[in-house]
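Visitor: My structure file model.txt, compact mmCIF, C-alpha atoms, is below:
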```
# COMPACT_ATOMS: atom_id res chain seq x y z
CA MET A 1 63.92 -37.55 57.65
CA ARG A 2 62.40 -37.76 54.16
CA LEU A 3 59.84 -35.10 55.08
CA LEU A 4 62.64 -32.76 56.22
CA VAL A 5 64.55 -33.30 52.97
CA ILE A 6 61.47 -32.72 50.81
CA SER A 7 60.37 -29.60 52.69
CA THR A 8 63.92 -28.17 52.57
CA LEU A 9 64.16 -28.71 48.82
CA LEU A 10 60.69 -27.27 48.16
CA GLY A 11 61.57 -24.21 50.24
CA ALA A 12 64.79 -23.72 48.31
CA LEU A 13 63.08 -24.05 44.93
CA SER A 14 60.28 -21.63 45.79
CA ALA A 15 62.83 -19.05 46.99
CA ILE A 16 64.53 -18.97 43.58
CA GLY A 17 61.63 -17.17 41.90
CA GLY A 18 61.60 -13.67 43.30
CA PRO A 19 61.35 -10.09 42.17
CA ILE A 20 62.84 -9.21 38.78
CA THR A 21 64.16 -5.73 38.00
CA TYR A 22 63.89 -4.68 34.36
CA ASN A 23 66.13 -1.92 33.00
CA VAL A 24 64.20 0.61 30.90
CA SER A 25 65.87 2.68 28.18
CA ASN A 26 63.49 3.83 25.44
CA SER A 27 63.18 6.76 23.06
CA VAL A 28 59.67 8.13 22.61
CA GLY A 29 59.17 10.76 19.92
CA GLY A 30 61.42 13.62 21.01
CA GLY A 31 61.68 12.28 24.56
CA SER A 32 62.99 9.28 26.45
CA ILE A 33 62.50 7.08 29.49
CA SER A 34 65.28 5.39 31.47
CA GLY A 35 65.46 3.64 34.82
CA THR A 36 64.00 0.48 36.31
CA ILE A 37 60.71 -1.34 36.88
CA GLU A 38 60.57 -4.12 39.49
CA THR A 39 58.00 -6.91 39.24
CA ASP A 40 57.16 -9.71 41.65
CA GLY A 41 58.76 -12.21 39.26
CA THR A 42 55.54 -13.28 37.52
CA ILE A 43 56.18 -14.62 34.02
CA GLY A 44 53.32 -14.01 31.58
CA ILE A 45 50.52 -11.43 31.70
CA LEU A 46 51.03 -8.75 34.37
CA GLY A 47 48.49 -6.78 36.36
CA SER A 48 49.01 -3.74 38.56
CA THR A 49 49.67 -5.90 41.63
CA ASN A 50 52.64 -7.50 39.87
CA ILE A 51 54.46 -4.13 39.63
CA LEU A 52 56.30 -3.66 42.93
CA ASP A 53 58.35 -0.52 42.22
CA TRP A 54 59.73 1.86 39.59
CA ASN A 55 62.39 4.53 39.29
CA LEU A 56 61.97 6.25 35.93
CA LEU A 57 63.74 9.32 34.55
CA LEU A 58 61.34 11.03 32.12
CA ASN A 59 62.71 13.40 29.47
CA ASP A 60 60.24 15.18 27.16
CA GLY A 61 63.00 16.78 25.09
CA THR A 62 62.99 19.96 27.18
CA SER A 63 62.81 18.97 30.85
CA THR A 64 63.39 15.90 33.02
CA PHE A 65 61.61 14.45 36.03
CA THR A 66 62.04 11.21 38.01
CA ASN A 67 58.92 9.20 38.91
CA THR A 68 59.45 6.81 41.81
CA GLY A 69 57.35 3.94 43.13
CA PRO A 70 56.55 2.76 46.67
CA LEU A 71 60.04 1.39 47.42
CA SER A 72 62.05 4.21 45.80
CA GLY A 73 60.49 7.38 47.24
CA ASN A 74 56.82 7.03 46.28
CA ASN A 75 56.24 10.30 44.45
CA SER A 76 53.98 8.83 41.75
CA GLN A 77 51.15 6.41 41.09
CA LEU A 78 50.51 3.56 38.68
CA PHE A 79 47.32 3.60 36.59
CA PHE A 80 46.62 0.27 34.92
CA THR A 81 43.82 -0.67 32.52
CA ALA A 82 45.73 -3.09 30.29
CA THR A 83 44.24 -6.57 30.40
CA THR A 84 46.75 -8.56 28.35
CA ASN A 85 48.98 -5.85 26.91
CA LEU A 86 51.79 -5.98 29.49
CA THR A 87 53.72 -9.24 29.74
CA ALA A 88 56.99 -10.41 31.22
CA THR A 89 59.51 -13.09 30.39
CA ALA A 90 62.53 -13.92 32.52
CA THR A 91 64.55 -11.50 30.40
CA GLN A 92 62.12 -8.92 28.95
CA LEU A 93 59.20 -6.67 29.86
CA LEU A 94 56.91 -6.12 26.84
CA PHE A 95 53.90 -4.00 25.87
CA ASN A 96 51.64 -5.14 23.01
CA PHE A 97 50.54 -2.07 21.02
CA SER A 98 48.27 -4.17 18.81
CA GLY A 99 46.47 -5.76 21.75
CA PRO A 100 43.08 -4.91 23.22
CA THR A 101 42.23 -1.40 24.40
CA GLY A 102 44.09 -0.58 27.61
CA GLY A 103 47.06 1.19 29.00
CA VAL A 104 49.66 1.63 31.70
CA MET A 105 50.69 5.01 33.13
CA PHE A 106 53.27 6.02 35.75
CA GLN A 107 52.29 9.55 36.89
CA ASN A 108 53.45 12.13 39.44
CA PRO A 109 52.06 13.24 41.82
CA THR A 110 48.72 11.50 41.28
CA ILE A 111 46.75 9.99 38.42
CA GLY A 112 44.90 12.77 36.60
CA SER A 113 47.35 15.54 37.55
CA SER A 114 48.23 15.99 33.84
CA ILE A 115 51.98 16.22 34.44
CA ASN A 116 55.09 14.07 34.76
CA TYR A 117 54.02 10.78 33.27
CA TRP A 118 55.04 7.89 31.03
CA CYS A 119 52.11 6.22 29.33
CA MET A 120 51.62 3.29 26.94
CA GLN A 121 48.19 2.90 25.41
CA VAL A 122 46.05 1.09 22.86
CA GLY A 123 42.90 3.13 22.22
CA GLY A 124 40.94 4.37 25.21
CA SER A 125 41.76 7.52 27.13
CA VAL A 126 44.47 6.56 29.63
CA CYS A 127 46.98 9.07 28.21
CA VAL A 128 46.35 12.78 27.87
CA GLY A 129 46.00 13.50 24.17
CA GLY A 130 43.03 11.28 23.54
CA SER A 131 42.71 7.89 21.98
CA PHE A 132 45.90 6.78 20.30
CA VAL A 133 47.99 3.67 19.90
CA GLY A 134 51.44 4.47 21.15
CA GLU A 135 53.57 5.77 23.93
CA GLY A 136 53.98 9.18 25.48
CA VAL A 137 56.20 10.98 27.96
CA PHE A 138 55.17 14.34 29.39
CA VAL A 139 57.10 16.49 31.84
CA SER A 140 56.56 20.17 31.18
CA LYS A 141 56.01 20.74 27.50
CA THR A 142 53.84 18.65 25.22
CA LEU A 143 53.01 15.00 24.86
CA GLN A 144 55.66 13.22 22.79
CA THR A 145 54.10 10.26 21.02
CA SER A 146 55.17 7.52 18.69
CA GLY A 147 52.83 5.07 17.01
CA PHE A 148 53.71 1.42 17.50
CA GLU A 149 52.28 -1.78 16.15
CA GLY A 150 52.95 -5.17 17.61
CA THR A 151 54.93 -5.87 20.74
CA ARG A 152 57.68 -3.58 21.95
CA VAL A 153 60.35 -4.45 24.52
CA ILE A 154 60.14 -1.79 27.22
CA GLY A 155 62.64 -3.35 29.63
CA THR A 156 65.31 -6.03 29.89
CA ALA A 157 66.08 -7.99 33.06
CA GLY A 158 68.98 -6.71 35.11
CA ALA A 159 71.38 -8.55 37.39
CA SER A 160 68.79 -8.75 40.18
CA SER A 161 67.01 -11.59 38.37
CA VAL A 162 69.90 -13.85 39.46
CA PRO A 163 68.93 -15.90 42.54
CA GLU A 164 69.64 -14.07 45.78
CA PRO A 165 72.34 -15.41 48.15
CA THR A 166 69.67 -16.71 50.53
CA SER A 167 68.20 -18.81 47.70
CA VAL A 168 71.59 -20.26 46.86
CA SER A 169 72.27 -21.05 50.52
CA LEU A 170 68.89 -22.81 50.84
CA ILE A 171 69.74 -24.95 47.83
CA GLY A 172 73.11 -25.72 49.43
CA LEU A 173 71.39 -26.65 52.70
CA GLY A 174 69.08 -29.01 50.83
CA GLY A 175 72.10 -30.65 49.19
CA ALA A 176 73.83 -31.00 52.55
CA VAL A 177 70.77 -32.67 54.06
CA LEU A 178 70.65 -35.13 51.17
CA ALA A 179 74.37 -35.89 51.54
CA ALA A 180 74.00 -36.42 55.30
CA ARG A 181 71.07 -38.74 54.72
CA ARG A 182 73.14 -40.78 52.30
CA VAL A 183 76.04 -41.07 54.77
CA PHE A 184 73.73 -42.21 57.59
CA ALA A 185 72.03 -44.73 55.26
CA ARG A 186 75.45 -46.21 54.35
CA ARG A 187 76.46 -46.47 58.00
CA ARG A 188 73.26 -48.38 58.80
CA THR A 189 73.89 -50.75 55.87
CA VAL A 190 77.52 -51.40 56.93
CA SER A 191 76.68 -51.96 60.62
CA ALA A 192 73.79 -54.32 59.79
```
Rewrite the coordinates I just gave you, this time as structure tokens.

Guide:
Amino acid sequence: MRLLVISTLLGALSAIGGPITYNVSNSVGGGSISGTIETDGTIGILGSTNILDWNLLLNDGTSTFTNTGPLSGNNSQLFFTATTNLTATATQLLFNFSGPTGGVMFQNPTIGSSINYWCMQVGGSVCVGGSFVGEGVFVSKTLQTSGFEGTRVIGTAGASSVPEPTSVSLIGLGGAVLAARRVFARRRTVSA
């Protein structure tokens, strides 16, 4: 019985941590980015495997384009060379523009196509336009860049970071098992 209770509780607790969707709404030079980025729920430094999906409306000041990830239409790719620049908390997605050389780019249709991308970079040559520290969005016109120093919030957690109904029900089931165990233990004590 104890093993059942422990395994039920551990299952419920592990189910709480799940994907987190961050809402993006940033101005970049004369352009902007809005939409969502979904991670696997990792808190701390993120790698490319931690990014599950994205749905990003790019606006370069003249034209707009929507880049979508594998779960939202899959018309673009993720290029990732940042080692410690992209981090997540339970409430924010951040990019460190004073970190080591590296970058993150969401680009349609493929990496290297030179169109329809959002890029964040520290040095290196991830973004078209050469080595710069900053952020760019390109749709049809020219690269819009802004220089940044330090860490910038690029997304804030949306409502999906709340535990899913299945997680809540597993926690409830664990509580019910504990309550039942207590009742049966009392009955044994009274009858003995």

Visitor: Restricting the calculation to only C-alpha atoms: of A:Thr84, A:Gly61, A:Gln92, A:Val139, which residue gets closest to Val28 of chain A?

Guide: A:Gly61

Visitor: My list of candidates is A:Ala88, A:Met105, A:Ile115, A:Ala157. Which is closest to Cys127 of chain A when distances are computed with all atoms listed in the file?

Guide: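 Nearest candidate to Cys127 of chain A out of A:Ala88, A:Met105, A:Ile115, A:Ala157: A:Met105.
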
Visitor: Using all atoms listed in the file, which of A:Val133, A:Ile33, A:Ile111, A:Val104 sits nearest Thr66 of chain A?

Guide: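 Distance minimum relative to Thr66 of chain A lands on A:Ile33.
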
Visitor: From the set A:Val126, A:Ala90, A:Ile37, A:Ile45, which residue has the shortest atom-to-atom contact distance to Val24 of chain A, counting all atoms listed in the file?

Guide: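 Of all the options, A:Ile37 lies closest to Val24 of chain A.
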
Visitor: Closest to Phe97 of chain A among A:Leu56, A:Ala82, A:Leu46, A:Val122, using all atoms listed in the file?

Guide: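 That would be A:Val122, the residue with the smallest distance to Phe97 of chain A.
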
Visitor: For atom CA of Gly112 of chain A and atom CA of Phe138 of chain A, quote the distance in Å rounded to one decimal.

Guide: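 Pair atom CA of Gly112 of chain A / atom CA of Phe138 of chain A returns 12.6 Å.
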
Visitor: For segment 24-28 of chain A, I'd like the enclosing box, axis-aligned and padded by 5 Å on every side, reported as JSON with centre and edge lengths in Å to one decimal.

Guide:
```
{"center_x": 62.8, "center_y": 4.4, "center_z": 26.8, "size_x": 16.2, "size_y": 17.5, "size_z": 18.3}
```

Visitor: Can you work out which one of A:Gly30, A:Gly136, A:Pro70, A:Gly150 has the shortest atom-to-atom distance to Pro100 of chain A, counting all atoms listed in the file?

Guide: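 Once distances to Pro100 of chain A are computed over all atoms listed in the file, the minimum belongs to A:Gly150.
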
Visitor: Can you tell me which residues surround Thr151 of chain A at a distance of at most 7 Å, considering all atoms listed in the file, apart from same-chain residues fewer than 6 positions away, and format the answer as a PyMOL selection string?

Guide: chain A and resi 94-97

Visitor: Quote the spacing between atom CA of Gln107 of chain A and atom CA of Thr42 of chain A in Å to one decimal place.

Guide: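 Result for atom CA of Gln107 of chain A versus atom CA of Thr42 of chain A: 23.1 Å, one decimal.
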
Visitor: Residues at most 7 Å from Ser32 of chain A, counting all atoms listed in the file, excluding those fewer than 5 positions away in the same chain, as a PyMOL selection string?

Guide: chain A and resi 26-27+58-60

Visitor: Please identify all polymer residues within 6 Å of Thr156 of chain A, counting all atoms listed in the file, omitting same-chain residues fewer than 5 positions from it, and present them as a list in words.

Guide: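 Contacts, in chain order: Tyr22, Asn23, Thr91 and Gln92 of chain A.
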
Visitor: What separation in Å, quoted to one decimal, exists between atom CA of Gly123 of chain A and atom CA of Asn75 of chain A?

Guide: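 Atom CA of Asn75 of chain A lies at a distance of 26.9 Å from atom CA of Gly123 of chain A.
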
Visitor: Give me segment 110-123 of chain A with N, CA and C atoms filled in, as a compact mmCIF listing (two decimals), in the frame of the given file.

Guide:
```txt
# COMPACT_ATOMS: atom_id res chain seq x y z
N THR A 110 49.84 12.44 41.22
CA THR A 110 48.72 11.50 41.28
C THR A 110 48.15 11.31 39.87
N ILE A 111 47.41 10.24 39.70
CA ILE A 111 46.75 9.99 38.42
C ILE A 111 45.76 11.13 38.16
N GLY A 112 45.80 11.69 36.96
CA GLY A 112 44.90 12.77 36.60
C GLY A 112 45.49 14.16 36.81
N SER A 113 46.74 14.23 37.30
CA SER A 113 47.35 15.54 37.55
C SER A 113 47.84 16.21 36.27
N SER A 114 47.85 15.47 35.16
CA SER A 114 48.23 15.99 33.84
C SER A 114 49.69 16.35 33.67
N ILE A 115 50.54 15.94 34.59
CA ILE A 115 51.98 16.22 34.44
C ILE A 115 52.82 14.99 34.80
N ASN A 116 54.06 15.04 34.37
CA ASN A 116 55.09 14.07 34.76
C ASN A 116 54.64 12.62 34.64
N TYR A 117 54.42 12.17 33.42
CA TYR A 117 54.02 10.78 33.27
C TYR A 117 54.68 10.10 32.07
N TRP A 118 54.70 8.76 32.15
CA TRP A 118 55.04 7.89 31.03
C TRP A 118 53.82 7.00 30.84
N CYS A 119 53.33 6.94 29.61
CA CYS A 119 52.11 6.22 29.33
C CYS A 119 52.26 5.38 28.07
N MET A 120 51.72 4.16 28.10
CA MET A 120 51.62 3.29 26.94
C MET A 120 50.16 2.94 26.78
N GLN A 121 49.63 3.04 25.57
CA GLN A 121 48.19 2.90 25.41
C GLN A 121 47.81 2.30 24.06
N VAL A 122 46.73 1.54 24.07
CA VAL A 122 46.05 1.09 22.86
C VAL A 122 44.62 1.58 22.97
N GLY A 123 44.25 2.58 22.15
CA GLY A 123 42.90 3.13 22.22
C GLY A 123 42.58 3.70 23.59
```
